$ cat model-v4.cif   # mmCIF, N, CA and C atoms
data_data
loop_
_atom_site.group_PDB
_atom_site.id
_atom_site.type_symbol
_atom_site.label_atom_id
_atom_site.label_comp_id
_atom_site.auth_asym_id
_atom_site.auth_seq_id
_atom_site.Cartn_x
_atom_site.Cartn_y
_atom_site.Cartn_z
ATOM 1 N N MET A 1 12.192 -44.876 9.710
ATOM 2 C CA MET A 1 11.912 -46.220 10.161
ATOM 3 C C MET A 1 11.702 -47.097 8.934
ATOM 4 N N ASN A 2 12.292 -48.276 8.935
ATOM 5 C CA ASN A 2 12.151 -49.127 7.760
ATOM 6 C C ASN A 2 10.843 -49.915 7.803
ATOM 7 N N ALA A 3 10.521 -50.575 6.695
ATOM 8 C CA ALA A 3 9.242 -51.273 6.553
ATOM 9 C C ALA A 3 9.075 -52.384 7.585
ATOM 10 N N ILE A 4 10.157 -53.089 7.896
ATOM 11 C CA ILE A 4 10.058 -54.191 8.866
ATOM 12 C C ILE A 4 9.700 -53.635 10.245
ATOM 13 N N SER A 5 10.342 -52.548 10.633
ATOM 14 C CA SER A 5 10.045 -51.932 11.927
ATOM 15 C C SER A 5 8.609 -51.438 11.977
ATOM 16 N N LEU A 6 8.150 -50.831 10.885
ATOM 17 C CA LEU A 6 6.770 -50.355 10.851
ATOM 18 C C LEU A 6 5.789 -51.518 10.937
ATOM 19 N N ASN A 7 6.090 -52.608 10.247
ATOM 20 C CA ASN A 7 5.213 -53.787 10.323
ATOM 21 C C ASN A 7 5.191 -54.362 11.734
ATOM 22 N N ASN A 8 6.347 -54.390 12.382
ATOM 23 C CA ASN A 8 6.401 -54.885 13.770
ATOM 24 C C ASN A 8 5.602 -53.971 14.702
ATOM 25 N N LEU A 9 5.719 -52.674 14.488
ATOM 26 C CA LEU A 9 4.952 -51.732 15.299
ATOM 27 C C LEU A 9 3.461 -51.934 15.074
ATOM 28 N N TRP A 10 3.052 -52.095 13.818
ATOM 29 C CA TRP A 10 1.642 -52.309 13.505
ATOM 30 C C TRP A 10 1.137 -53.602 14.149
ATOM 31 N N SER A 11 1.928 -54.668 14.073
ATOM 32 C CA SER A 11 1.541 -55.940 14.711
ATOM 33 C C SER A 11 1.385 -55.763 16.217
ATOM 34 N N TYR A 12 2.308 -55.020 16.812
ATOM 35 C CA TYR A 12 2.230 -54.760 18.253
ATOM 36 C C TYR A 12 0.948 -54.001 18.602
ATOM 37 N N LEU A 13 0.655 -52.955 17.834
ATOM 38 C CA LEU A 13 -0.551 -52.165 18.100
ATOM 39 C C LEU A 13 -1.814 -52.997 17.931
ATOM 40 N N GLN A 14 -1.832 -53.869 16.940
ATOM 41 C CA GLN A 14 -2.997 -54.720 16.737
ATOM 42 C C GLN A 14 -3.178 -55.711 17.879
ATOM 43 N N GLY A 15 -2.071 -56.081 18.520
ATOM 44 C CA GLY A 15 -2.128 -57.016 19.636
ATOM 45 C C GLY A 15 -2.648 -56.398 20.922
ATOM 46 N N LEU A 16 -2.664 -55.083 20.995
ATOM 47 C CA LEU A 16 -3.168 -54.407 22.189
ATOM 48 C C LEU A 16 -4.692 -54.401 22.177
ATOM 49 N N SER A 17 -5.278 -54.465 23.346
ATOM 50 C CA SER A 17 -6.743 -54.396 23.410
ATOM 51 C C SER A 17 -7.140 -52.939 23.677
ATOM 52 N N LEU A 18 -7.186 -52.172 22.597
ATOM 53 C CA LEU A 18 -7.514 -50.749 22.710
ATOM 54 C C LEU A 18 -8.996 -50.531 22.453
ATOM 55 N N THR A 19 -9.567 -49.661 23.245
ATOM 56 C CA THR A 19 -10.955 -49.286 23.001
ATOM 57 C C THR A 19 -10.988 -48.328 21.809
ATOM 58 N N ALA A 20 -12.184 -48.077 21.300
ATOM 59 C CA ALA A 20 -12.322 -47.136 20.180
ATOM 60 C C ALA A 20 -11.811 -45.763 20.590
ATOM 61 N N SER A 21 -12.081 -45.391 21.826
ATOM 62 C CA SER A 21 -11.608 -44.102 22.333
ATOM 63 C C SER A 21 -10.083 -44.042 22.350
ATOM 64 N N ASN A 22 -9.432 -45.130 22.788
ATOM 65 C CA ASN A 22 -7.966 -45.182 22.808
ATOM 66 C C ASN A 22 -7.399 -45.144 21.392
ATOM 67 N N GLN A 23 -8.063 -45.824 20.471
ATOM 68 C CA GLN A 23 -7.611 -45.816 19.080
ATOM 69 C C GLN A 23 -7.694 -44.411 18.487
ATOM 70 N N ARG A 24 -8.796 -43.711 18.780
ATOM 71 C CA ARG A 24 -8.936 -42.330 18.296
ATOM 72 C C ARG A 24 -7.858 -41.439 18.897
ATOM 73 N N TRP A 25 -7.597 -41.609 20.191
ATOM 74 C CA TRP A 25 -6.567 -40.820 20.855
ATOM 75 C C TRP A 25 -5.213 -41.047 20.180
ATOM 76 N N LEU A 26 -4.877 -42.311 19.941
ATOM 77 C CA LEU A 26 -3.609 -42.651 19.297
ATOM 78 C C LEU A 26 -3.549 -42.071 17.885
ATOM 79 N N ALA A 27 -4.630 -42.210 17.138
ATOM 80 C CA ALA A 27 -4.672 -41.685 15.768
ATOM 81 C C ALA A 27 -4.503 -40.165 15.765
ATOM 82 N N ASN A 28 -5.186 -39.486 16.661
ATOM 83 C CA ASN A 28 -5.069 -38.027 16.730
ATOM 84 C C ASN A 28 -3.640 -37.592 17.051
ATOM 85 N N HIS A 29 -3.005 -38.281 17.985
ATOM 86 C CA HIS A 29 -1.635 -37.919 18.346
ATOM 87 C C HIS A 29 -0.662 -38.223 17.207
ATOM 88 N N LEU A 30 -0.877 -39.308 16.483
ATOM 89 C CA LEU A 30 -0.024 -39.613 15.335
ATOM 90 C C LEU A 30 -0.198 -38.564 14.233
ATOM 91 N N MET A 31 -1.439 -38.137 14.013
ATOM 92 C CA MET A 31 -1.698 -37.117 12.997
ATOM 93 C C MET A 31 -1.050 -35.787 13.402
ATOM 94 N N GLU A 32 -1.157 -35.411 14.665
ATOM 95 C CA GLU A 32 -0.528 -34.175 15.133
ATOM 96 C C GLU A 32 0.987 -34.236 14.955
ATOM 97 N N ALA A 33 1.582 -35.384 15.280
ATOM 98 C CA ALA A 33 3.029 -35.538 15.131
ATOM 99 C C ALA A 33 3.432 -35.461 13.658
ATOM 100 N N ALA A 34 2.634 -36.078 12.785
ATOM 101 C CA ALA A 34 2.941 -36.042 11.351
ATOM 102 C C ALA A 34 2.832 -34.622 10.806
ATOM 103 N N GLU A 35 1.804 -33.899 11.203
ATOM 104 C CA GLU A 35 1.635 -32.520 10.735
ATOM 105 C C GLU A 35 2.764 -31.638 11.243
ATOM 106 N N SER A 36 3.178 -31.858 12.480
ATOM 107 C CA SER A 36 4.277 -31.082 13.048
ATOM 108 C C SER A 36 5.581 -31.372 12.299
ATOM 109 N N ALA A 37 5.817 -32.651 11.978
ATOM 110 C CA ALA A 37 7.024 -33.025 11.237
ATOM 111 C C ALA A 37 7.012 -32.423 9.842
ATOM 112 N N GLU A 38 5.854 -32.392 9.194
ATOM 113 C CA GLU A 38 5.755 -31.796 7.861
ATOM 114 C C GLU A 38 6.051 -30.303 7.917
ATOM 115 N N THR A 39 5.540 -29.645 8.935
ATOM 116 C CA THR A 39 5.769 -28.210 9.075
ATOM 117 C C THR A 39 7.252 -27.922 9.280
ATOM 118 N N ARG A 40 7.910 -28.731 10.114
ATOM 119 C CA ARG A 40 9.332 -28.526 10.372
ATOM 120 C C ARG A 40 10.176 -28.786 9.135
ATOM 121 N N SER A 41 9.738 -29.720 8.289
ATOM 122 C CA SER A 41 10.562 -30.091 7.147
ATOM 123 C C SER A 41 10.344 -29.215 5.918
ATOM 124 N N GLU A 42 9.364 -28.303 5.968
ATOM 125 C CA GLU A 42 9.159 -27.415 4.829
ATOM 126 C C GLU A 42 10.393 -26.550 4.637
ATOM 127 N N LYS A 43 10.823 -26.471 3.389
ATOM 128 C CA LYS A 43 12.007 -25.663 3.086
ATOM 129 C C LYS A 43 11.636 -24.191 3.089
ATOM 130 N N ARG A 44 12.490 -23.399 3.654
ATOM 131 C CA ARG A 44 12.291 -21.959 3.692
ATOM 132 C C ARG A 44 13.356 -21.306 2.824
ATOM 133 N N ASP A 45 13.074 -20.105 2.350
ATOM 134 C CA ASP A 45 14.076 -19.360 1.604
ATOM 135 C C ASP A 45 15.262 -19.107 2.514
ATOM 136 N N ILE A 46 16.438 -19.331 1.985
ATOM 137 C CA ILE A 46 17.651 -19.103 2.752
ATOM 138 C C ILE A 46 18.291 -17.826 2.221
ATOM 139 N N VAL A 47 18.562 -16.916 3.113
ATOM 140 C CA VAL A 47 19.218 -15.675 2.735
ATOM 141 C C VAL A 47 20.609 -15.712 3.353
ATOM 142 N N PHE A 48 21.613 -15.477 2.522
ATOM 143 C CA PHE A 48 22.982 -15.561 2.987
ATOM 144 C C PHE A 48 23.719 -14.309 2.563
ATOM 145 N N PRO A 49 24.554 -13.717 3.321
ATOM 146 C CA PRO A 49 24.794 -13.998 4.730
ATOM 147 C C PRO A 49 23.815 -13.237 5.614
ATOM 148 N N LYS A 50 23.788 -13.607 6.870
ATOM 149 C CA LYS A 50 22.962 -12.868 7.831
ATOM 150 C C LYS A 50 23.794 -11.699 8.346
ATOM 151 N N ILE A 51 23.205 -10.551 8.315
ATOM 152 C CA ILE A 51 23.920 -9.336 8.707
ATOM 153 C C ILE A 51 23.240 -8.765 9.947
ATOM 154 N N PRO A 52 24.019 -8.408 10.976
ATOM 155 C CA PRO A 52 23.421 -7.807 12.174
ATOM 156 C C PRO A 52 22.627 -6.554 11.818
ATOM 157 N N LYS A 53 21.579 -6.293 12.574
ATOM 158 C CA LYS A 53 20.712 -5.143 12.302
ATOM 159 C C LYS A 53 21.459 -3.814 12.328
ATOM 160 N N ASP A 54 22.432 -3.676 13.212
ATOM 161 C CA ASP A 54 23.111 -2.389 13.353
ATOM 162 C C ASP A 54 24.250 -2.188 12.349
ATOM 163 N N TYR A 55 24.592 -3.184 11.565
ATOM 164 C CA TYR A 55 25.661 -3.067 10.584
ATOM 165 C C TYR A 55 25.086 -2.590 9.254
ATOM 166 N N LYS A 56 25.676 -1.558 8.672
ATOM 167 C CA LYS A 56 25.193 -0.982 7.417
ATOM 168 C C LYS A 56 26.282 -1.087 6.350
ATOM 169 N N PRO A 57 26.336 -2.199 5.601
ATOM 170 C CA PRO A 57 27.328 -2.294 4.528
ATOM 171 C C PRO A 57 26.945 -1.389 3.361
ATOM 172 N N SER A 58 27.919 -1.107 2.531
ATOM 173 C CA SER A 58 27.653 -0.246 1.381
ATOM 174 C C SER A 58 26.769 -0.979 0.374
ATOM 175 N N PRO A 59 26.032 -0.254 -0.454
ATOM 176 C CA PRO A 59 25.193 -0.884 -1.472
ATOM 177 C C PRO A 59 25.993 -1.787 -2.419
ATOM 178 N N LYS A 60 27.248 -1.399 -2.695
ATOM 179 C CA LYS A 60 28.088 -2.202 -3.578
ATOM 180 C C LYS A 60 28.381 -3.569 -2.943
ATOM 181 N N VAL A 61 28.688 -3.567 -1.653
ATOM 182 C CA VAL A 61 28.952 -4.825 -0.936
ATOM 183 C C VAL A 61 27.678 -5.675 -0.888
ATOM 184 N N LEU A 62 26.562 -5.049 -0.601
ATOM 185 C CA LEU A 62 25.295 -5.781 -0.559
ATOM 186 C C LEU A 62 24.988 -6.449 -1.899
ATOM 187 N N ALA A 63 25.224 -5.737 -2.979
ATOM 188 C CA ALA A 63 24.945 -6.274 -4.301
ATOM 189 C C ALA A 63 25.805 -7.492 -4.599
ATOM 190 N N MET A 64 27.015 -7.531 -4.060
ATOM 191 C CA MET A 64 27.921 -8.649 -4.336
ATOM 192 C C MET A 64 27.680 -9.855 -3.429
ATOM 193 N N THR A 65 27.178 -9.632 -2.221
ATOM 194 C CA THR A 65 27.188 -10.714 -1.232
ATOM 195 C C THR A 65 25.834 -11.155 -0.714
ATOM 196 N N CYS A 66 24.800 -10.386 -0.916
ATOM 197 C CA CYS A 66 23.528 -10.704 -0.277
ATOM 198 C C CYS A 66 22.455 -11.018 -1.297
ATOM 199 N N GLY A 67 21.482 -11.766 -0.846
ATOM 200 C CA GLY A 67 20.332 -12.060 -1.681
ATOM 201 C C GLY A 67 19.836 -13.461 -1.424
ATOM 202 N N LYS A 68 18.697 -13.749 -2.011
ATOM 203 C CA LYS A 68 18.116 -15.075 -1.848
ATOM 204 C C LYS A 68 18.824 -16.067 -2.752
ATOM 205 N N LEU A 69 18.941 -17.277 -2.260
ATOM 206 C CA LEU A 69 19.515 -18.344 -3.071
ATOM 207 C C LEU A 69 18.502 -18.768 -4.136
ATOM 208 N N PRO A 70 18.960 -19.363 -5.217
ATOM 209 C CA PRO A 70 18.022 -19.816 -6.248
ATOM 210 C C PRO A 70 17.012 -20.815 -5.686
ATOM 211 N N LYS A 71 15.819 -20.841 -6.269
ATOM 212 C CA LYS A 71 14.755 -21.736 -5.789
ATOM 213 C C LYS A 71 15.178 -23.197 -5.826
ATOM 214 N N ASP A 72 15.995 -23.587 -6.809
ATOM 215 C CA ASP A 72 16.387 -24.993 -6.941
ATOM 216 C C ASP A 72 17.638 -25.337 -6.131
ATOM 217 N N PHE A 73 18.107 -24.422 -5.277
ATOM 218 C CA PHE A 73 19.288 -24.653 -4.460
ATOM 219 C C PHE A 73 18.969 -25.691 -3.395
ATOM 220 N N ASP A 74 19.736 -26.767 -3.353
ATOM 221 C CA ASP A 74 19.527 -27.854 -2.395
ATOM 222 C C ASP A 74 20.615 -27.770 -1.322
ATOM 223 N N LEU A 75 20.273 -27.170 -0.196
ATOM 224 C CA LEU A 75 21.238 -26.955 0.877
ATOM 225 C C LEU A 75 21.800 -28.278 1.391
ATOM 226 N N ASP A 76 20.929 -29.277 1.600
ATOM 227 C CA ASP A 76 21.401 -30.570 2.116
ATOM 228 C C ASP A 76 22.425 -31.194 1.171
ATOM 229 N N LYS A 77 22.166 -31.142 -0.129
ATOM 230 C CA LYS A 77 23.094 -31.693 -1.118
ATOM 231 C C LYS A 77 24.422 -30.950 -1.077
ATOM 232 N N GLU A 78 24.358 -29.625 -1.016
ATOM 233 C CA GLU A 78 25.580 -28.827 -0.976
ATOM 234 C C GLU A 78 26.394 -29.120 0.282
ATOM 235 N N LEU A 79 25.715 -29.274 1.421
ATOM 236 C CA LEU A 79 26.427 -29.594 2.660
ATOM 237 C C LEU A 79 27.069 -30.969 2.578
ATOM 238 N N ASP A 80 26.343 -31.953 2.034
ATOM 239 C CA ASP A 80 26.909 -33.292 1.870
ATOM 240 C C ASP A 80 28.154 -33.260 1.005
ATOM 241 N N GLU A 81 28.070 -32.532 -0.117
ATOM 242 C CA GLU A 81 29.231 -32.427 -1.005
ATOM 243 C C GLU A 81 30.399 -31.746 -0.312
ATOM 244 N N MET A 82 30.125 -30.705 0.472
ATOM 245 C CA MET A 82 31.179 -30.003 1.186
ATOM 246 C C MET A 82 31.898 -30.943 2.150
ATOM 247 N N TRP A 83 31.126 -31.729 2.931
ATOM 248 C CA TRP A 83 31.733 -32.631 3.909
ATOM 249 C C TRP A 83 32.484 -33.758 3.222
ATOM 250 N N GLU A 84 31.978 -34.224 2.070
ATOM 251 C CA GLU A 84 32.704 -35.263 1.322
ATOM 252 C C GLU A 84 34.039 -34.745 0.834
ATOM 253 N N LYS A 85 34.071 -33.511 0.324
ATOM 254 C CA LYS A 85 35.329 -32.914 -0.143
ATOM 255 C C LYS A 85 36.304 -32.750 1.008
ATOM 256 N N ARG A 86 35.807 -32.335 2.173
ATOM 257 C CA ARG A 86 36.699 -32.144 3.330
ATOM 258 C C ARG A 86 37.214 -33.463 3.858
ATOM 259 N N ALA A 87 36.458 -34.543 3.671
ATOM 260 C CA ALA A 87 36.872 -35.853 4.172
ATOM 261 C C ALA A 87 37.981 -36.464 3.312
ATOM 262 N N ARG A 88 38.097 -35.991 2.077
ATOM 263 C CA ARG A 88 39.139 -36.547 1.173
ATOM 264 C C ARG A 88 40.507 -36.075 1.540
#

$ encode --input "model-v4.cif" --output "C-alpha coordinates"
Amino acid sequence: MNAISLNNLWSYLQGLSLTASNQRWLANHLMEAAESAETRSEKRDIVFPKIPKDYKPSPKVLAMTCGKLPKDFDLDKELDEMWEKRAR
(Lines of atoms letter the chains of each structure in order from A and count residues from 1; the text may use other names and numbers.)
(Lines give C-alpha, C1' and ligand atoms only; values in the text may rest on other atoms or scores of the structure.)
Protein backbone atom coordinates (compact mmCIF):
# COMPACT_ATOMS: atom_id res chain seq x y z
CA MET A 1 0.00 0.00 0.00
CA ASN A 2 1.42 3.39 -0.88
CA ALA A 3 1.78 6.35 1.49
CA ILE A 4 -1.26 8.19 0.12
CA SER A 5 -3.49 5.16 0.66
CA LEU A 6 -2.15 4.69 4.17
CA ASN A 7 -2.76 8.36 4.97
CA ASN A 8 -6.31 8.09 3.64
CA LEU A 9 -6.89 4.98 5.74
CA TRP A 10 -5.51 6.75 8.83
CA SER A 11 -7.76 9.78 8.18
CA TYR A 12 -10.74 7.46 7.82
CA LEU A 13 -9.94 5.66 11.08
CA GLN A 14 -9.53 8.95 12.91
CA GLY A 15 -12.94 10.03 11.64
CA LEU A 16 -14.64 7.03 13.24
CA SER A 17 -15.97 7.38 16.76
CA LEU A 18 -14.23 4.36 18.27
CA THR A 19 -14.23 3.62 21.94
CA ALA A 20 -10.96 2.76 23.68
CA SER A 21 -12.06 -0.87 23.66
CA ASN A 22 -12.67 -0.75 19.88
CA GLN A 23 -9.29 0.90 19.33
CA ARG A 24 -7.56 -1.83 21.34
CA TRP A 25 -9.43 -4.50 19.39
CA LEU A 26 -8.35 -2.93 16.08
CA ALA A 27 -4.75 -2.53 17.26
CA ASN A 28 -4.58 -6.15 18.43
CA HIS A 29 -5.93 -7.44 15.13
CA LEU A 30 -3.50 -5.28 13.15
CA MET A 31 -0.60 -6.54 15.26
CA GLU A 32 -1.69 -10.17 14.77
CA ALA A 33 -1.93 -9.63 11.01
CA ALA A 34 1.52 -7.99 10.92
CA GLU A 35 3.10 -10.81 12.93
CA SER A 36 1.46 -13.40 10.69
CA ALA A 37 2.73 -11.60 7.56
CA GLU A 38 6.25 -11.45 9.00
CA THR A 39 6.18 -15.16 9.76
CA ARG A 40 5.02 -15.99 6.23
CA SER A 41 7.68 -13.81 4.64
CA GLU A 42 10.62 -15.30 6.53
CA LYS A 43 12.95 -16.98 4.09
CA ARG A 44 13.50 -20.67 4.59
CA ASP A 45 16.36 -22.81 3.36
CA ILE A 46 15.51 -24.14 -0.07
CA VAL A 47 16.64 -27.64 -0.88
CA PHE A 48 16.61 -28.59 -4.53
CA PRO A 49 15.51 -30.95 -5.94
CA LYS A 50 12.81 -32.57 -3.86
CA ILE A 51 13.09 -36.32 -4.04
CA PRO A 52 10.23 -38.70 -3.17
CA LYS A 53 10.78 -40.66 0.04
CA ASP A 54 10.72 -44.03 -1.71
CA TYR A 55 13.28 -43.08 -4.40
CA LYS A 56 16.90 -43.96 -3.56
CA PRO A 57 19.36 -42.29 -5.97
CA SER A 58 22.99 -43.30 -5.92
CA PRO A 59 25.39 -41.34 -3.70
CA LYS A 60 27.14 -40.06 -6.84
CA VAL A 61 23.87 -38.60 -8.19
CA LEU A 62 23.05 -37.08 -4.81
CA ALA A 63 26.45 -35.41 -4.64
CA MET A 64 25.90 -33.80 -8.04
CA THR A 65 22.29 -32.67 -7.70
CA CYS A 66 21.21 -32.23 -4.11
CA GLY A 67 21.99 -29.88 -1.29
CA LYS A 68 21.13 -26.57 0.24
CA LEU A 69 21.37 -23.45 -1.83
CA PRO A 70 23.89 -20.80 -0.74
CA LYS A 71 22.71 -18.49 2.06
CA ASP A 72 22.90 -15.44 -0.23
CA PHE A 73 20.78 -17.11 -2.96
CA ASP A 74 17.86 -14.81 -3.82
CA LEU A 75 15.10 -17.00 -5.25
CA ASP A 76 12.83 -14.04 -6.14
CA LYS A 77 15.65 -12.36 -8.09
CA GLU A 78 16.50 -15.58 -9.92
CA LEU A 79 12.85 -16.15 -10.84
CA ASP A 80 12.51 -12.57 -12.10
CA GLU A 81 15.62 -12.97 -14.24
CA MET A 82 14.35 -16.29 -15.60
CA TRP A 83 10.99 -14.79 -16.64
CA GLU A 84 12.71 -11.75 -18.19
CA LYS A 85 14.94 -14.03 -20.29
CA ARG A 86 11.93 -16.08 -21.41
CA ALA A 87 10.01 -12.93 -22.34
CA ARG A 88 12.77 -11.83 -24.75

$ atom_distance --input "model-v4.cif" --atom1 "atom C of Leu62 in chain A" --atom2 "atom N of Lys50 in chain A"
11.4 Å

$ select_by_dssp --input "model-v4.cif" --residues "range 33-88 of chain A" --states "alpha helix (DSSP H)" --output "mmCIF file with N, CA and C atoms, in the coordinates of the input"
data_model
loop_
_atom_site.group_PDB
_atom_site.id
_atom_site.type_symbol
_atom_site.label_atom_id
_atom_site.label_comp_id
_atom_site.auth_asym_id
_atom_site.auth_seq_id
_atom_site.Cartn_x
_atom_site.Cartn_y
_atom_site.Cartn_z
ATOM 1 N N ALA A 33 1.582 -35.384 15.280
ATOM 2 C CA ALA A 33 3.029 -35.538 15.131
ATOM 3 C C ALA A 33 3.432 -35.461 13.658
ATOM 4 N N ALA A 34 2.634 -36.078 12.785
ATOM 5 C CA ALA A 34 2.941 -36.042 11.351
ATOM 6 C C ALA A 34 2.832 -34.622 10.806
ATOM 7 N N GLU A 35 1.804 -33.899 11.203
ATOM 8 C CA GLU A 35 1.635 -32.520 10.735
ATOM 9 C C GLU A 35 2.764 -31.638 11.243
ATOM 10 N N SER A 36 3.178 -31.858 12.480
ATOM 11 C CA SER A 36 4.277 -31.082 13.048
ATOM 12 C C SER A 36 5.581 -31.372 12.299
ATOM 13 N N ALA A 37 5.817 -32.651 11.978
ATOM 14 C CA ALA A 37 7.024 -33.025 11.237
ATOM 15 C C ALA A 37 7.012 -32.423 9.842
ATOM 16 N N GLU A 38 5.854 -32.392 9.194
ATOM 17 C CA GLU A 38 5.755 -31.796 7.861
ATOM 18 C C GLU A 38 6.051 -30.303 7.917
ATOM 19 N N THR A 39 5.540 -29.645 8.935
ATOM 20 C CA THR A 39 5.769 -28.210 9.075
ATOM 21 C C THR A 39 7.252 -27.922 9.280
ATOM 22 N N ARG A 40 7.910 -28.731 10.114
ATOM 23 C CA ARG A 40 9.332 -28.526 10.372
ATOM 24 C C ARG A 40 10.176 -28.786 9.135
ATOM 25 N N SER A 41 9.738 -29.720 8.289
ATOM 26 C CA SER A 41 10.562 -30.091 7.147
ATOM 27 C C SER A 41 10.344 -29.215 5.918
ATOM 28 N N PRO A 59 26.032 -0.254 -0.454
ATOM 29 C CA PRO A 59 25.193 -0.884 -1.472
ATOM 30 C C PRO A 59 25.993 -1.787 -2.419
ATOM 31 N N LYS A 60 27.248 -1.399 -2.695
ATOM 32 C CA LYS A 60 28.088 -2.202 -3.578
ATOM 33 C C LYS A 60 28.381 -3.569 -2.943
ATOM 34 N N VAL A 61 28.688 -3.567 -1.653
ATOM 35 C CA VAL A 61 28.952 -4.825 -0.936
ATOM 36 C C VAL A 61 27.678 -5.675 -0.888
ATOM 37 N N LEU A 62 26.562 -5.049 -0.601
ATOM 38 C CA LEU A 62 25.295 -5.781 -0.559
ATOM 39 C C LEU A 62 24.988 -6.449 -1.899
ATOM 40 N N ALA A 63 25.224 -5.737 -2.979
ATOM 41 C CA ALA A 63 24.945 -6.274 -4.301
ATOM 42 C C ALA A 63 25.805 -7.492 -4.599
ATOM 43 N N MET A 64 27.015 -7.531 -4.060
ATOM 44 C CA MET A 64 27.921 -8.649 -4.336
ATOM 45 C C MET A 64 27.680 -9.855 -3.429
ATOM 46 N N THR A 65 27.178 -9.632 -2.221
ATOM 47 C CA THR A 65 27.188 -10.714 -1.232
ATOM 48 C C THR A 65 25.834 -11.155 -0.714
ATOM 49 N N LEU A 75 20.273 -27.170 -0.196
ATOM 50 C CA LEU A 75 21.238 -26.955 0.877
ATOM 51 C C LEU A 75 21.800 -28.278 1.391
ATOM 52 N N ASP A 76 20.929 -29.277 1.600
ATOM 53 C CA ASP A 76 21.401 -30.570 2.116
ATOM 54 C C ASP A 76 22.425 -31.194 1.171
ATOM 55 N N LYS A 77 22.166 -31.142 -0.129
ATOM 56 C CA LYS A 77 23.094 -31.693 -1.118
ATOM 57 C C LYS A 77 24.422 -30.950 -1.077
ATOM 58 N N GLU A 78 24.358 -29.625 -1.016
ATOM 59 C CA GLU A 78 25.580 -28.827 -0.976
ATOM 60 C C GLU A 78 26.394 -29.120 0.282
ATOM 61 N N LEU A 79 25.715 -29.274 1.421
ATOM 62 C CA LEU A 79 26.427 -29.594 2.660
ATOM 63 C C LEU A 79 27.069 -30.969 2.578
ATOM 64 N N ASP A 80 26.343 -31.953 2.034
ATOM 65 C CA ASP A 80 26.909 -33.292 1.870
ATOM 66 C C ASP A 80 28.154 -33.260 1.005
ATOM 67 N N GLU A 81 28.070 -32.532 -0.117
ATOM 68 C CA GLU A 81 29.231 -32.427 -1.005
ATOM 69 C C GLU A 81 30.399 -31.746 -0.312
ATOM 70 N N MET A 82 30.125 -30.705 0.472
ATOM 71 C CA MET A 82 31.179 -30.003 1.186
ATOM 72 C C MET A 82 31.898 -30.943 2.150
ATOM 73 N N TRP A 83 31.126 -31.729 2.931
ATOM 74 C CA TRP A 83 31.733 -32.631 3.909
ATOM 75 C C TRP A 83 32.484 -33.758 3.222
ATOM 76 N N GLU A 84 31.978 -34.224 2.070
ATOM 77 C CA GLU A 84 32.704 -35.263 1.322
ATOM 78 C C GLU A 84 34.039 -34.745 0.834
ATOM 79 N N LYS A 85 34.071 -33.511 0.324
ATOM 80 C CA LYS A 85 35.329 -32.914 -0.143
ATOM 81 C C LYS A 85 36.304 -32.750 1.008
ATOM 82 N N ARG A 86 35.807 -32.335 2.173
ATOM 83 C CA ARG A 86 36.699 -32.144 3.330
ATOM 84 C C ARG A 86 37.214 -33.463 3.858
ATOM 85 N N ALA A 87 36.458 -34.543 3.671
ATOM 86 C CA ALA A 87 36.872 -35.853 4.172
ATOM 87 C C ALA A 87 37.981 -36.464 3.312
#

$ select_by_dssp --input "model-v4.cif" --residues "chain A" --states "strand (DSSP E or B)" --output "list in words"
Val47, Phe48, Gly67 and Lys68 of chain A

$ atom_distance --input "model-v4.cif" --atom1 "CA of Arg88 in chain A" --atom2 "CA of Leu69 in chain A"
27.1 Å
